[in-house]
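Visitor: This one is start.cif, mmCIF, C-alpha atoms.
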```cif
data_start
loop_
_atom_site.label_atom_id
_atom_site.label_comp_id
_atom_site.auth_asym_id
_atom_site.auth_seq_id
_atom_site.Cartn_x
_atom_site.Cartn_y
_atom_site.Cartn_z
CA MET N 775 0.00 0.00 0.00
CA GLN N 776 1.27 3.42 -0.92
CA LEU N 777 2.05 5.87 1.84
CA SER N 778 -0.58 8.41 0.74
CA THR N 779 -3.27 5.72 0.64
CA ALA N 780 -2.37 4.68 4.16
CA ILE N 781 -2.45 8.30 5.30
CA PHE N 782 -5.89 8.74 3.73
CA TYR N 783 -7.39 5.73 5.49
CA LEU N 784 -5.74 6.66 8.80
CA CYS N 785 -7.00 10.26 8.66
CA ALA N 786 -10.47 9.27 7.44
CA GLY N 787 -10.96 6.69 10.16
CA LEU N 788 -9.59 8.91 12.91
CA SER N 789 -11.65 11.90 11.79
CA VAL N 790 -14.91 9.93 11.75
CA PHE N 791 -14.04 8.50 15.18
CA SER N 792 -13.30 11.89 16.69
CA ALA N 793 -16.37 13.43 15.00
CA VAL N 794 -18.51 10.79 16.71
CA ARG N 795 -16.77 11.65 19.98
CA VAL N 796 -17.57 15.34 19.40
CA VAL N 797 -21.29 14.64 19.44
CA THR N 798 -21.34 11.92 22.08
CA VAL N 799 -18.83 12.87 24.76
CA ARG N 800 -20.42 14.33 27.89
CA ASN N 801 -17.92 17.02 28.74
CA VAL N 802 -18.31 19.88 26.26
CA PHE N 803 -14.68 20.90 26.75
CA HIS N 804 -13.52 17.46 25.63
CA ALA N 805 -15.90 17.72 22.69
CA ALA N 806 -14.16 20.94 21.63
CA LEU N 807 -10.77 19.18 21.78
CA PHE N 808 -12.09 16.32 19.64
CA LEU N 809 -13.47 18.88 17.20
CA ALA N 810 -9.97 20.38 16.93
CA LEU N 811 -8.59 16.91 16.16
CA THR N 812 -11.22 16.36 13.45
CA LEU N 813 -10.47 19.70 11.81
CA ALA N 814 -6.71 19.12 11.87
CA LEU N 815 -7.16 15.71 10.23
CA LEU N 816 -9.27 17.33 7.53
CA ALA N 817 -6.38 19.71 6.88
CA VAL N 818 -4.19 16.66 6.21
CA LEU N 819 -6.80 15.43 3.71
CA TYR N 820 -6.72 18.81 1.97
CA LEU N 821 -2.95 18.40 1.66
CA LEU N 822 -3.49 15.01 0.05
CA LEU N 823 -5.85 16.70 -2.44
CA ASN N 824 -3.15 19.21 -3.47
CA ALA N 825 -4.97 22.11 -1.81
CA GLU N 826 -2.10 23.41 0.28
CA PHE N 827 -3.46 26.90 0.85
CA VAL N 828 -6.86 25.60 1.96
CA ALA N 829 -5.10 23.25 4.38
CA VAL N 830 -3.12 26.11 5.93
CA VAL N 831 -6.24 28.29 6.17
CA GLN N 832 -8.10 25.39 7.77
CA LEU N 833 -5.39 25.10 10.43
CA LEU N 834 -5.16 28.85 11.02
CA VAL N 835 -8.84 29.74 11.01
CA TYR N 836 -10.51 26.62 12.36
CA VAL N 837 -7.97 25.02 14.67
CA GLY N 838 -6.41 28.34 15.56
CA ALA N 839 -9.36 30.69 15.89
CA VAL N 840 -12.74 28.97 15.91
CA ILE N 841 -11.69 26.31 18.42
CA VAL N 842 -10.26 28.97 20.73
CA LEU N 843 -13.55 30.85 20.43
CA ILE N 844 -15.55 27.71 21.26
CA ILE N 845 -13.32 26.93 24.24
CA PHE N 846 -13.79 30.53 25.43
CA ALA N 847 -17.56 30.08 25.18
CA VAL N 848 -17.36 26.80 27.10
CA MET N 849 -15.34 28.50 29.84
CA LEU N 850 -17.56 31.57 30.00
CA THR N 851 -20.76 29.58 30.27
CA ALA N 852 -19.52 27.25 33.04
CA GLN N 853 -20.35 24.10 31.11
CA ILE N 854 -17.66 22.11 32.87
CA GLY N 855 -19.58 22.33 36.13
CA ASP N 856 -22.51 20.30 34.84
CA ALA N 857 -20.53 17.73 32.89
CA GLY N 858 -22.28 14.95 34.76
CA VAL N 859 -25.74 15.77 33.41
CA GLY N 860 -26.84 13.98 30.26
CA GLN N 861 -25.86 15.89 27.17
CA THR N 862 -28.54 14.70 24.77
CA ASN N 863 -32.23 15.49 24.65
CA ARG N 864 -35.04 12.99 24.22
CA LEU N 865 -34.61 13.08 20.43
CA ALA N 866 -31.27 11.26 20.65
CA VAL N 867 -32.39 7.79 19.57
CA PRO N 868 -34.63 8.85 16.64
CA ALA N 869 -31.98 11.35 15.57
CA ALA N 870 -29.29 8.66 15.60
CA LEU N 871 -31.47 6.32 13.54
CA GLY N 872 -32.40 9.08 11.10
CA CYS N 873 -28.80 10.18 10.63
CA ALA N 874 -27.64 6.58 10.12
CA ALA N 875 -30.34 6.14 7.49
CA LEU N 876 -29.31 9.41 5.84
CA PHE N 877 -25.72 8.22 5.73
CA LEU N 878 -26.68 4.89 4.17
CA VAL N 879 -28.78 6.57 1.48
CA LEU N 880 -26.07 9.14 0.74
CA GLN N 881 -23.36 6.49 0.60
CA LYS N 882 -25.41 4.34 -1.80
CA ALA N 883 -26.18 7.30 -4.05
CA LEU N 884 -22.64 8.73 -4.03
CA LEU N 885 -20.98 5.42 -4.85
CA SER N 886 -23.35 4.59 -7.68
CA ALA N 887 -23.20 8.01 -9.35
CA PRO N 888 -20.99 8.22 -12.44
CA TRP N 889 -18.41 10.91 -11.69
CA ALA N 890 -16.86 12.02 -14.96
CA PRO N 891 -13.95 14.44 -14.76
CA THR N 892 -14.14 17.59 -16.83
CA GLU N 893 -11.19 17.88 -19.15
CA ALA N 894 -8.96 20.71 -18.08
CA PRO N 895 -8.30 23.19 -20.90
CA ALA N 896 -4.81 22.79 -22.23
CA PRO N 897 -2.60 25.54 -20.81
CA ALA N 898 -1.52 28.12 -23.36
CA ALA N 899 1.94 27.60 -24.73
CA GLY N 900 4.50 29.40 -22.65
CA ALA N 901 2.08 29.98 -19.75
CA PRO N 902 3.94 29.80 -16.45
CA VAL N 903 3.19 26.80 -14.26
CA LEU N 904 1.68 28.19 -11.06
CA SER N 905 2.03 26.66 -7.64
CA ASN N 906 -1.15 26.19 -5.64
CA LEU N 907 -0.47 29.34 -3.63
CA GLN N 908 0.10 31.41 -6.78
CA ALA N 909 -3.02 29.99 -8.42
CA VAL N 910 -5.11 30.82 -5.35
CA GLY N 911 -3.76 34.35 -5.31
CA MET N 912 -4.35 34.85 -9.02
CA SER N 913 -7.95 33.69 -8.95
CA LEU N 914 -8.70 35.47 -5.67
CA LEU N 915 -7.71 38.81 -7.17
CA ASN N 916 -9.00 38.21 -10.70
CA ASP N 917 -12.13 36.06 -10.96
CA TYR N 918 -13.22 36.30 -7.34
CA VAL N 919 -12.28 39.85 -6.43
CA TYR N 920 -15.86 41.01 -5.70
CA PRO N 921 -16.69 38.06 -3.41
CA PHE N 922 -13.30 38.64 -1.79
CA GLU N 923 -14.16 42.27 -1.03
CA LEU N 924 -17.66 41.31 0.15
CA THR N 925 -16.07 38.84 2.56
CA ALA N 926 -14.30 41.71 4.24
CA LEU N 927 -17.65 43.47 4.68
CA ILE N 928 -19.23 40.33 6.16
CA LEU N 929 -16.36 39.86 8.61
CA PHE N 930 -16.64 43.50 9.65
CA THR N 931 -20.40 43.17 10.18
CA ALA N 932 -19.94 39.95 12.16
CA LEU N 933 -17.31 41.65 14.33
CA ILE N 934 -19.65 44.54 15.18
CA GLY N 935 -22.58 42.18 15.69
CA ALA N 936 -20.65 39.90 18.02
CA VAL N 937 -19.42 42.80 20.14
CA LEU N 938 -22.92 44.31 20.33
CA ILE N 939 -24.59 41.01 21.24
CA ALA N 940 -22.06 39.83 23.80
CA ARG N 941 -21.35 43.06 25.68
CA LYS N 942 -22.82 43.75 29.08
CA ASP N 943 -25.57 46.34 29.27
CA THR N 944 -23.90 49.21 31.03
CA GLU N 945 -26.72 51.70 31.31
CA MET J 1005 -3.64 11.29 -7.35
CA ILE J 1006 -3.84 8.98 -4.33
CA PRO J 1007 -3.49 5.37 -5.51
CA GLY J 1008 -6.53 3.28 -4.67
CA VAL J 1009 -8.56 6.24 -3.40
CA GLY J 1010 -11.20 7.64 -5.71
CA ILE J 1011 -13.57 10.54 -5.35
CA GLY J 1012 -16.15 8.14 -3.90
CA HIS J 1013 -13.99 7.61 -0.81
CA PHE J 1014 -13.88 11.32 -0.10
CA LEU J 1015 -17.60 11.76 -0.73
CA VAL J 1016 -18.50 8.90 1.62
CA LEU J 1017 -16.21 10.28 4.31
CA SER J 1018 -17.85 13.65 3.89
CA ALA J 1019 -21.33 12.09 4.07
CA ALA J 1020 -20.32 10.38 7.32
CA LEU J 1021 -19.07 13.63 8.83
CA PHE J 1022 -22.25 15.40 7.71
CA SER J 1023 -24.50 12.77 9.27
CA VAL J 1024 -22.57 12.88 12.54
CA GLY J 1025 -22.79 16.67 12.58
CA LEU J 1026 -26.52 16.54 11.88
CA TYR J 1027 -26.97 14.17 14.80
CA GLY J 1028 -25.07 16.62 16.99
CA VAL J 1029 -27.26 19.52 15.90
CA ILE J 1030 -30.48 17.61 16.58
CA ALA J 1031 -29.60 15.76 19.75
CA ARG J 1032 -27.19 18.00 21.69
CA ARG J 1033 -28.61 19.83 24.66
CA SER J 1034 -26.08 22.59 25.05
CA ALA J 1035 -25.98 25.38 22.50
CA VAL J 1036 -22.19 25.10 22.22
CA GLY J 1037 -22.57 21.43 21.31
CA VAL J 1038 -25.05 22.34 18.59
CA LEU J 1039 -22.59 24.86 17.17
CA MET J 1040 -19.89 22.20 17.14
CA GLY J 1041 -22.17 19.89 15.14
CA LEU J 1042 -22.75 22.77 12.75
CA GLU J 1043 -18.99 23.17 12.26
CA LEU J 1044 -18.74 19.46 11.42
CA MET J 1045 -21.40 19.89 8.73
CA PHE J 1046 -19.61 22.92 7.29
CA ASN J 1047 -16.41 20.92 7.08
CA ALA J 1048 -18.12 18.02 5.35
CA ALA J 1049 -19.28 20.43 2.66
CA ASN J 1050 -15.78 21.91 2.38
CA LEU J 1051 -14.23 18.48 1.94
CA ASN J 1052 -16.72 17.77 -0.85
CA LEU J 1053 -15.82 20.99 -2.63
CA VAL J 1054 -12.08 20.37 -2.47
CA ALA J 1055 -12.49 16.75 -3.58
CA PHE J 1056 -14.63 17.77 -6.55
CA ASN J 1057 -12.03 20.37 -7.47
CA ALA J 1058 -9.19 17.90 -7.29
CA TYR J 1059 -10.80 14.94 -9.03
CA LEU J 1060 -13.30 16.36 -11.50
CA HIS J 1061 -12.05 19.81 -12.43
CA SER J 1062 -8.38 19.95 -11.61
CA GLY J 1063 -7.72 22.75 -14.09
CA ALA J 1064 -9.89 25.30 -12.24
CA MET J 1065 -9.75 26.80 -8.77
CA ALA J 1066 -13.50 27.13 -8.13
CA GLY J 1067 -13.77 24.43 -5.46
CA GLN J 1068 -10.87 25.75 -3.43
CA MET J 1069 -12.18 29.31 -3.73
CA PHE J 1070 -15.62 28.25 -2.51
CA THR J 1071 -13.98 26.46 0.39
CA LEU J 1072 -12.02 29.55 1.35
CA PHE J 1073 -15.19 31.65 1.31
CA THR J 1074 -17.09 28.99 3.28
CA ILE J 1075 -14.36 28.92 5.93
CA THR J 1076 -14.60 32.71 6.24
CA ILE J 1077 -18.39 32.69 6.53
CA ALA J 1078 -18.25 29.81 9.01
CA ALA J 1079 -15.82 31.78 11.16
CA ALA J 1080 -18.18 34.78 11.12
CA GLU J 1081 -21.10 32.49 11.93
CA ALA J 1082 -19.22 30.94 14.85
CA THR J 1083 -18.36 34.39 16.20
CA VAL J 1084 -21.95 35.63 16.17
CA GLY J 1085 -23.32 32.28 17.36
CA LEU J 1086 -21.00 32.09 20.33
CA ALA J 1087 -21.73 35.73 21.18
CA LEU J 1088 -25.41 34.77 21.21
CA VAL J 1089 -24.65 31.81 23.48
CA VAL J 1090 -22.79 34.03 25.94
CA SER J 1091 -25.62 36.56 25.83
CA ILE J 1092 -28.27 33.86 26.42
CA PHE J 1093 -26.19 32.54 29.30
CA ARG J 1094 -26.15 36.01 30.89
CA ALA J 1095 -29.91 36.35 30.60
CA ARG J 1096 -30.98 32.85 31.65
CA ARG J 1097 -27.95 31.42 33.52
CA SER J 1098 -28.04 28.37 31.25
CA VAL J 1099 -27.01 27.32 27.75
CA ARG J 1100 -29.32 24.32 27.65
CA LEU J 1101 -31.56 24.78 24.68
CA GLU J 1102 -34.65 23.46 26.45
CA HIS J 1103 -34.38 26.42 28.82
CA VAL J 1104 -34.54 28.84 25.91
CA ASP J 1105 -38.26 28.63 25.22
CA LEU J 1106 -39.29 32.27 25.41
CA LEU J 1107 -41.09 32.13 22.06
CA LYS J 1108 -42.84 28.83 22.74
CA GLY J 1109 -46.62 29.27 22.79
#
```
How would this structure read if it were set down as structure tokens?
Guide:
Amino acid sequence: MQLSTAIFYLCAGLSVFSAVRVVTVRNVFHAALFLALTLALLAVLYLLLNAEFVAVVQLLVYVGAVIVLIIFAVMLTAQIGDAGVGQTNRLAVPAALGCAALFLVLQKALLSAPWAPTEAPAPAAGAPVLSNLQAVGMSLLNDYVYPFELTALILFTALIGAVLIARKDTE
Amino acid sequence: MIPGVGIGHFLVLSAALFSVGLYGVIARRSAVGVLMGLELMFNAANLNLVAFNAYLHSGAMAGQMFTLFTITIAAAEATVGLALVVSIFRARRSVRLEHVDLLKG
């Protein structure tokens, strides 16, 4: 077995395992740590798919920022104190059955669908071969420049919204 | 690409992550747990996009671009969502979703 195949199966199995732990473990703090593990393993899978920049962004934004935010929320809301209480509501069993059925249907449909690759247009003669990082930069500032700018607006709005929602009422 | 691993493997992995995340969203009691399930579902979609880009349309960047934008929006969503959780906790001293029933008739 090739090394990359082994890495794929290792990461896939571990990420499904830790994702299941995220939704089943009682202590929410531990769930956040398992979520960090899942997201880091997905970054490895992005590397296997030749998406280096996405992998780095996944590590920086998800594992670096979102997980820290979640852990902050867990700390601020004193969830650790009631770790002994059951963490699932009365929908747990029907939800588990429904999600298992959804997975079976999806898996059947995805494996039987004919996935035909689109032929990549032949690169123009003399065109420079871009690395993944260069290609991301080129398309971010050419084809996707308006979504890119809008993203800045959305982040700004979310920043203001989060501060407004979470601050203490002082008056 | 990866010997012995086709696009189907990635899609099934992503379907598994999505189902697990959906279970978390439905069955978790604490609002933070629900948000974590939501992040799992976001990541399943991202994995799909990158896999499609790599296997089916390797000449273009669209899948990776969509993933980058999804990651950004998910970060913004997590920020606002967790701010809401903290705010709900201040008002009701609990993040259990069954205690947040103000709009229930």
Visitor: Any idea what's packed within 8 Å of region 792-797 of chain N, counting only C-alpha atoms, ignoring anything in its chain fewer than 2 positions away? Could you give it as a PyMOL selection string?
Guide: (chain N and resi 788-790+799+804-806+808-809+811-812) or (chain J and resi 1021+1024-1025+1027-1028+1032+1037+1040-1041+1044)
Visitor: Specify as an NGL selection string each residue included when the PyMOL selection byres ((chain J) within 7 of (chain N)) is applied to this file.
Guide: :J and (1006-1009 or 1012 or 1015-1017 or 1019-1021 or 1023-1024 or 1026-1028 or 1030-1033 or 1037 or 1041 or 1055 or 1058-1063 or 1068 or 1072 or 1079-1080 or 1082-1084 or 1086-1088 or 1090-1091 or 1093)
Visitor: Can you work out the spacing between CA of Arg1096 (chain J) and CA of Asp943 (chain N) in Å, to one decimal?
Guide: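 Answer for the CA of Arg1096 (chain J) to CA of Asp943 (chain N) separation: 14.7 Å.
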Visitor: What does the distance from CA of Ala1078 (chain J) to CA of Val1054 (chain J) come to in Å, to one decimal?
Guide: 16.1 Å
Visitor: Can you tell me how far CA of Leu927 (chain N) sits from CA of Ala810 (chain N), in Å to one decimal?
Guide: 27.2 Å
Visitor: I need the residue set behind the PyMOL selection byres ((chain J and resi 1052) around 9) for this file; please write it as a list in words.
Guide: Phe1014, Leu1015, Ser1018, Ala1019, Asn1047, Ala1048, Ala1049, Asn1050, Leu1051, Leu1053, Val1054, Ala1055, Phe1056, Asn1057 and Gly1067 of chain J
